[in-house]
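Colleague: You'll find structure-v9.cif just under this line, and it carries mmCIF, C-alpha atoms.
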```cif
data_protein
#
loop_
_atom_site.group_PDB
_atom_site.id
_atom_site.type_symbol
_atom_site.label_atom_id
_atom_site.label_comp_id
_atom_site.auth_asym_id
_atom_site.auth_seq_id
_atom_site.Cartn_x
_atom_site.Cartn_y
_atom_site.Cartn_z
ATOM 1 C CA MET A 22 42.354 -53.391 -13.787
ATOM 2 C CA LYS A 23 40.067 -50.367 -13.735
ATOM 3 C CA GLU A 24 37.132 -50.424 -16.118
ATOM 4 C CA HIS A 25 37.167 -47.748 -18.787
ATOM 5 C CA SER A 26 33.880 -45.846 -18.957
ATOM 6 C CA TRP A 27 33.331 -46.387 -22.699
ATOM 7 C CA VAL A 28 33.449 -50.179 -22.281
ATOM 8 C CA LYS A 29 30.590 -50.382 -19.769
ATOM 9 C CA GLU A 30 27.813 -49.546 -22.240
ATOM 10 C CA PHE A 31 29.585 -50.595 -25.450
ATOM 11 C CA PRO A 32 26.979 -52.375 -27.626
ATOM 12 C CA ALA A 33 28.894 -55.663 -27.808
ATOM 13 C CA VAL A 34 29.775 -58.289 -25.214
ATOM 14 C CA ILE A 35 33.261 -57.724 -23.775
ATOM 15 C CA THR A 36 34.875 -60.126 -21.310
ATOM 16 C CA VAL A 37 38.492 -59.786 -20.154
ATOM 17 C CA CYS A 38 40.539 -62.435 -18.352
ATOM 18 C CA ASP A 39 44.080 -62.525 -17.031
ATOM 19 C CA GLU A 40 46.881 -64.866 -18.122
ATOM 20 C CA ASP A 41 45.456 -67.662 -15.933
ATOM 21 C CA GLY A 42 41.906 -67.322 -17.282
ATOM 22 C CA ILE A 43 40.508 -65.437 -14.279
ATOM 23 C CA VAL A 44 37.709 -63.086 -15.370
ATOM 24 C CA LEU A 45 38.748 -59.508 -14.596
ATOM 25 C CA GLU A 46 36.016 -57.488 -16.281
ATOM 26 C CA MET A 47 32.665 -57.885 -17.980
ATOM 27 C CA ASN A 48 30.752 -55.018 -19.524
ATOM 28 C CA ASP A 49 26.971 -54.605 -19.243
ATOM 29 C CA LYS A 50 26.294 -56.716 -22.367
ATOM 30 C CA ALA A 51 28.482 -59.544 -21.028
ATOM 31 C CA LEU A 52 26.720 -59.451 -17.655
ATOM 32 C CA GLU A 53 23.387 -59.666 -19.484
ATOM 33 C CA LEU A 54 24.449 -62.491 -21.837
ATOM 34 C CA PHE A 55 25.930 -64.587 -19.036
ATOM 35 C CA GLN A 56 23.291 -63.763 -16.408
ATOM 36 C CA GLU A 57 22.016 -67.361 -16.268
ATOM 37 C CA ASP A 58 25.606 -68.540 -15.696
ATOM 38 C CA GLY A 59 26.117 -66.181 -12.767
ATOM 39 C CA GLY A 60 26.514 -62.743 -14.371
ATOM 40 C CA GLU A 61 28.647 -60.535 -12.138
ATOM 41 C CA LYS A 62 29.512 -63.524 -9.920
ATOM 42 C CA LEU A 63 31.651 -64.801 -12.821
ATOM 43 C CA ILE A 64 34.163 -62.012 -12.170
ATOM 44 C CA GLY A 65 37.012 -63.625 -10.252
ATOM 45 C CA THR A 66 36.272 -67.133 -11.550
ATOM 46 C CA ASN A 67 38.191 -69.054 -14.204
ATOM 47 C CA LEU A 68 36.530 -68.760 -17.595
ATOM 48 C CA LEU A 69 38.089 -72.055 -18.688
ATOM 49 C CA ASP A 70 35.681 -73.744 -16.254
ATOM 50 C CA CYS A 71 32.740 -72.212 -18.163
ATOM 51 C CA HIS A 72 33.547 -73.945 -21.452
ATOM 52 C CA PRO A 73 32.941 -77.497 -22.685
ATOM 53 C CA GLU A 74 36.091 -79.561 -23.267
ATOM 54 C CA ALA A 75 36.613 -78.756 -26.981
ATOM 55 C CA ALA A 76 36.174 -75.015 -26.470
ATOM 56 C CA ARG A 77 38.317 -75.130 -23.333
ATOM 57 C CA ALA A 78 41.155 -76.854 -25.209
ATOM 58 C CA LYS A 79 40.923 -74.265 -28.007
ATOM 59 C CA LEU A 80 41.043 -71.390 -25.515
ATOM 60 C CA GLU A 81 43.957 -72.948 -23.606
ATOM 61 C CA ASN A 82 45.851 -73.209 -26.902
ATOM 62 C CA LEU A 83 45.100 -69.575 -27.758
ATOM 63 C CA MET A 84 46.393 -68.522 -24.353
ATOM 64 C CA GLU A 85 49.563 -70.616 -24.685
ATOM 65 C CA THR A 86 50.337 -69.409 -28.209
ATOM 66 C CA HIS A 87 49.031 -65.839 -27.780
ATOM 67 C CA GLN A 88 46.942 -66.222 -30.917
ATOM 68 C CA ALA A 89 43.650 -64.609 -31.924
ATOM 69 C CA ASN A 90 40.548 -66.555 -32.929
ATOM 70 C CA VAL A 91 37.839 -64.973 -35.082
ATOM 71 C CA TYR A 92 34.633 -66.630 -36.290
ATOM 72 C CA THR A 93 30.926 -66.099 -36.812
ATOM 73 C CA ILE A 94 28.005 -68.033 -35.355
ATOM 74 C CA GLN A 95 24.266 -67.990 -35.637
ATOM 75 C CA LYS A 96 22.313 -68.283 -32.399
ATOM 76 C CA LYS A 97 18.592 -67.720 -31.841
ATOM 77 C CA GLY A 98 18.321 -66.476 -35.416
ATOM 78 C CA LYS A 99 21.002 -63.804 -34.986
ATOM 79 C CA LYS A 100 24.367 -63.776 -36.698
ATOM 80 C CA LYS A 101 27.265 -62.881 -34.388
ATOM 81 C CA LEU A 102 30.960 -62.161 -34.692
ATOM 82 C CA VAL A 103 33.163 -63.710 -31.995
ATOM 83 C CA TYR A 104 36.604 -62.138 -31.648
ATOM 84 C CA GLN A 105 39.008 -63.606 -29.082
ATOM 85 C CA THR A 106 42.412 -61.992 -28.871
ATOM 86 C CA PRO A 107 45.312 -61.734 -26.438
ATOM 87 C CA TRP A 108 46.063 -58.505 -24.643
ATOM 88 C CA PHE A 109 49.459 -57.421 -23.404
ATOM 89 C CA ARG A 110 50.867 -55.297 -20.583
ATOM 90 C CA ASP A 111 54.329 -53.831 -21.193
ATOM 91 C CA GLY A 112 54.837 -56.353 -24.002
ATOM 92 C CA ALA A 113 54.021 -59.403 -21.855
ATOM 93 C CA PHE A 114 50.970 -61.595 -22.353
ATOM 94 C CA ALA A 115 48.364 -60.505 -19.808
ATOM 95 C CA GLY A 116 45.284 -62.504 -20.824
ATOM 96 C CA MET A 117 42.491 -62.645 -23.365
ATOM 97 C CA VAL A 118 39.672 -60.369 -24.480
ATOM 98 C CA GLU A 119 36.509 -61.809 -26.006
ATOM 99 C CA MET A 120 34.138 -59.582 -27.924
ATOM 100 C CA ILE A 121 30.810 -60.850 -29.271
ATOM 101 C CA SER A 122 28.890 -58.536 -31.567
ATOM 102 C CA ASP A 123 25.592 -58.912 -33.405
ATOM 103 C CA LEU A 124 25.963 -58.734 -37.175
ATOM 104 C CA PRO A 125 23.432 -57.738 -39.801
ATOM 105 C CA ALA A 126 22.231 -60.526 -42.109
ATOM 106 C CA GLN A 127 24.102 -58.928 -45.016
ATOM 107 C CA ILE A 128 27.420 -57.172 -44.523
ATOM 108 C CA PRO A 129 28.934 -54.969 -47.201
ATOM 109 C CA HIS A 130 32.537 -55.817 -48.025
ATOM 110 C CA PHE A 131 34.837 -53.140 -49.422
ATOM 111 C CA ASN A 132 38.154 -54.013 -51.028
ATOM 112 C CA ARG A 133 40.480 -51.157 -50.077
ATOM 113 C CA ASP A 134 43.311 -52.658 -52.135
ATOM 114 C CA ILE A 135 41.699 -51.450 -55.371
#
```
Would you write the structure of this file as structure tokens?
Modeller:
Amino acid sequence: MKEHSWVKEFPAVITVCDEDGIVLEMNDKALELFQEDGGEKLIGTNLLDCHPEAARAKLENLMETHQANVYTIQKKGKKKLVYQTPWFRDGAFAGMVEMISDLPAQIPHFNRDI
């Protein structure tokens, strides 16, 4: 998979794996966030091996069911959005994409149904 130029410097962590969990791509923010875990050396390894058992089981389930998982966390005083979603090639499950983005303390919410 060839990296798209816009992804490299995108201001959120982006990690892409294949259908077996092998890390295919990491953008600059992902390399920085996971530097202590190996950074660029993580490309080609199985991301399931990087997670504790509960998180690993959750990710395995997402991969089996082709479901998305969206949640927020707070870490080191910063609020973050974690978005894990399947990606597809020609309609077939091809792996998962994880995006982690910093969030402001207060987020406006607009109801577009009104």
Colleague: Atom CA of Thr36 of chain A and atom CA of Pro129 of chain A, how far apart in Å?
Modeller: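 These two atoms are separated by 27.1 Å.
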Colleague: Once the PyMOL selection byres ((chain A and resi 95) around 12) has been applied to the shown file, what residues remain in the selection, as a list in words?
Modeller: Tyr92, Thr93, Ile94, Lys96, Lys97, Gly98, Lys99, Lys100, Lys101, Leu102, Val103, Ile121, Ser122, Asp123, Leu124, Pro125 and Ala126 of chain A
Colleague: How many Å lie between atom CA of Cys38 of chain A and atom CA of Met117 of chain A, rounded to one decimal?
Modeller: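 So the answer is 5.4 Å.
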Colleague: Atom CA of Phe114 of chain A and atom CA of Lys62 of chain A are how many Å apart?
Modeller: 24.9 Å
Colleague: Which residues, written as a list of chain:residue names, have at least one atom at most 10 Å from Asp41 of chain A, with all atoms listed in the file counted and residues fewer than 6 positions away on the same chain left out?
Modeller: A:Asn67, A:Leu68, A:Leu69, A:Glu81, A:Met84, A:Ala115, A:Gly116, A:Met117
Colleague: So that I can see what lies close to segment 42-52 of chain A, please list as a list in words the residues with an atom at most 7 Å from it, counting all atoms listed in the file and leaving out residues fewer than 5 positions away in the same chain.
Modeller: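 Near segment 42-52 of chain A, the qualifying residues are Val28, Lys29, Glu30, Pro32, Ala33, Val34, Ile35, Thr36, Val37, Gly60, Glu61, Leu63, Ile64, Gly65, Thr66, Asn67, Leu68, Leu69 and Gly116 of chain A.
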Colleague: If we draw a sphere of 12 Å around (44.3, -65.8, -31.7), which residues have at least one atom in it when counting only C-alpha atoms? Please report them as a PyMOL selection string.
Modeller: chain A and resi 79-92+103-108+116-119
Colleague: For segment 114-120 of chain A, I'd like the enclosing box, axis-aligned and padded by 5 Å on every side, reported as lines of an AutoDock Vina configuration file with centre and edge lengths in Å to one decimal.
Modeller:
```
center_x = 42.6
center_y = -61.1
center_z = -23.9
size_x = 26.8
size_y = 13.1
size_z = 18.1
```
Colleague: Model the absent atoms of segment 83-116 of chain A so that N, CA and C atoms are present, and write the result as a CSV table (one decimal), in the frame of the given file.
Modeller:
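The result, stored in rebuild_15.csv:
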```
chain,number,residue,atom,x,y,z
A,83,LEU,N,45.0,-71.0,-27.4
A,83,LEU,CA,45.1,-69.6,-27.8
A,83,LEU,C,45.9,-68.8,-26.7
A,84,MET,N,45.7,-69.2,-25.4
A,84,MET,CA,46.4,-68.5,-24.4
A,84,MET,C,47.9,-68.9,-24.3
A,85,GLU,N,48.2,-70.2,-24.7
A,85,GLU,CA,49.6,-70.6,-24.7
A,85,GLU,C,50.3,-70.0,-25.9
A,86,THR,N,49.7,-69.9,-27.0
A,86,THR,CA,50.3,-69.4,-28.2
A,86,THR,C,50.2,-67.9,-28.5
A,87,HIS,N,49.3,-67.3,-27.7
A,87,HIS,CA,49.0,-65.8,-27.8
A,87,HIS,C,48.5,-65.5,-29.2
A,88,GLN,N,47.6,-66.4,-29.6
A,88,GLN,CA,46.9,-66.2,-30.9
A,88,GLN,C,45.5,-65.7,-30.8
A,89,ALA,N,45.0,-65.1,-31.9
A,89,ALA,CA,43.6,-64.6,-31.9
A,89,ALA,C,42.8,-65.7,-32.6
A,90,ASN,N,41.5,-65.6,-32.3
A,90,ASN,CA,40.5,-66.6,-32.9
A,90,ASN,C,39.3,-65.7,-33.3
A,91,VAL,N,39.0,-65.8,-34.6
A,91,VAL,CA,37.8,-65.0,-35.1
A,91,VAL,C,36.9,-65.9,-35.9
A,92,TYR,N,35.6,-65.8,-35.6
A,92,TYR,CA,34.6,-66.6,-36.3
A,92,TYR,C,33.2,-66.0,-36.1
A,93,THR,N,32.3,-66.5,-36.9
A,93,THR,CA,30.9,-66.1,-36.8
A,93,THR,C,30.1,-67.3,-36.4
A,94,ILE,N,29.0,-67.0,-35.7
A,94,ILE,CA,28.0,-68.0,-35.4
A,94,ILE,C,26.6,-67.5,-35.6
A,95,GLN,N,25.7,-68.4,-35.6
A,95,GLN,CA,24.3,-68.0,-35.6
A,95,GLN,C,23.6,-68.6,-34.4
A,96,LYS,N,22.9,-67.8,-33.6
A,96,LYS,CA,22.3,-68.3,-32.4
A,96,LYS,C,21.0,-67.5,-32.2
A,97,LYS,N,19.9,-68.3,-32.0
A,97,LYS,CA,18.6,-67.7,-31.8
A,97,LYS,C,18.2,-66.8,-33.0
A,98,GLY,N,18.7,-67.2,-34.2
A,98,GLY,CA,18.3,-66.5,-35.4
A,98,GLY,C,19.2,-65.3,-35.7
A,99,LYS,N,20.1,-65.0,-34.8
A,99,LYS,CA,21.0,-63.8,-35.0
A,99,LYS,C,22.4,-64.2,-35.3
A,100,LYS,N,23.0,-63.5,-36.3
A,100,LYS,CA,24.4,-63.8,-36.7
A,100,LYS,C,25.3,-62.9,-35.8
A,101,LYS,N,26.4,-63.6,-35.3
A,101,LYS,CA,27.3,-62.9,-34.4
A,101,LYS,C,28.7,-63.1,-34.8
A,102,LEU,N,29.5,-62.1,-34.5
A,102,LEU,CA,31.0,-62.2,-34.7
A,102,LEU,C,31.6,-62.4,-33.3
A,103,VAL,N,32.4,-63.4,-33.2
A,103,VAL,CA,33.2,-63.7,-32.0
A,103,VAL,C,34.6,-63.4,-32.3
A,104,TYR,N,35.2,-62.5,-31.5
A,104,TYR,CA,36.6,-62.1,-31.6
A,104,TYR,C,37.3,-62.4,-30.3
A,105,GLN,N,38.2,-63.3,-30.3
A,105,GLN,CA,39.0,-63.6,-29.1
A,105,GLN,C,40.5,-63.3,-29.4
A,106,THR,N,41.1,-62.4,-28.6
A,106,THR,CA,42.4,-62.0,-28.9
A,106,THR,C,43.2,-61.8,-27.6
A,107,PRO,N,44.5,-62.0,-27.6
A,107,PRO,CA,45.3,-61.7,-26.4
A,107,PRO,C,45.5,-60.2,-26.2
A,108,TRP,N,45.7,-59.9,-25.0
A,108,TRP,CA,46.1,-58.5,-24.6
A,108,TRP,C,47.4,-58.6,-23.9
A,109,PHE,N,48.1,-57.5,-23.9
A,109,PHE,CA,49.5,-57.4,-23.4
A,109,PHE,C,49.6,-56.2,-22.5
A,110,ARG,N,50.5,-56.4,-21.5
A,110,ARG,CA,50.9,-55.3,-20.6
A,110,ARG,C,52.4,-55.2,-20.6
A,111,ASP,N,52.9,-54.0,-21.1
A,111,ASP,CA,54.3,-53.8,-21.2
A,111,ASP,C,55.0,-54.9,-22.0
A,112,GLY,N,54.3,-55.4,-23.1
A,112,GLY,CA,54.8,-56.4,-24.0
A,112,GLY,C,54.7,-57.8,-23.6
A,113,ALA,N,54.2,-58.0,-22.4
A,113,ALA,CA,54.0,-59.4,-21.9
A,113,ALA,C,52.5,-59.8,-21.9
A,114,PHE,N,52.3,-61.1,-22.3
A,114,PHE,CA,51.0,-61.6,-22.4
A,114,PHE,C,50.3,-61.4,-21.0
A,115,ALA,N,49.1,-60.8,-21.0
A,115,ALA,CA,48.4,-60.5,-19.8
A,115,ALA,C,47.0,-61.2,-19.7
A,116,GLY,N,46.6,-61.8,-20.8
A,116,GLY,CA,45.3,-62.5,-20.8
A,116,GLY,C,44.6,-62.4,-22.2
```
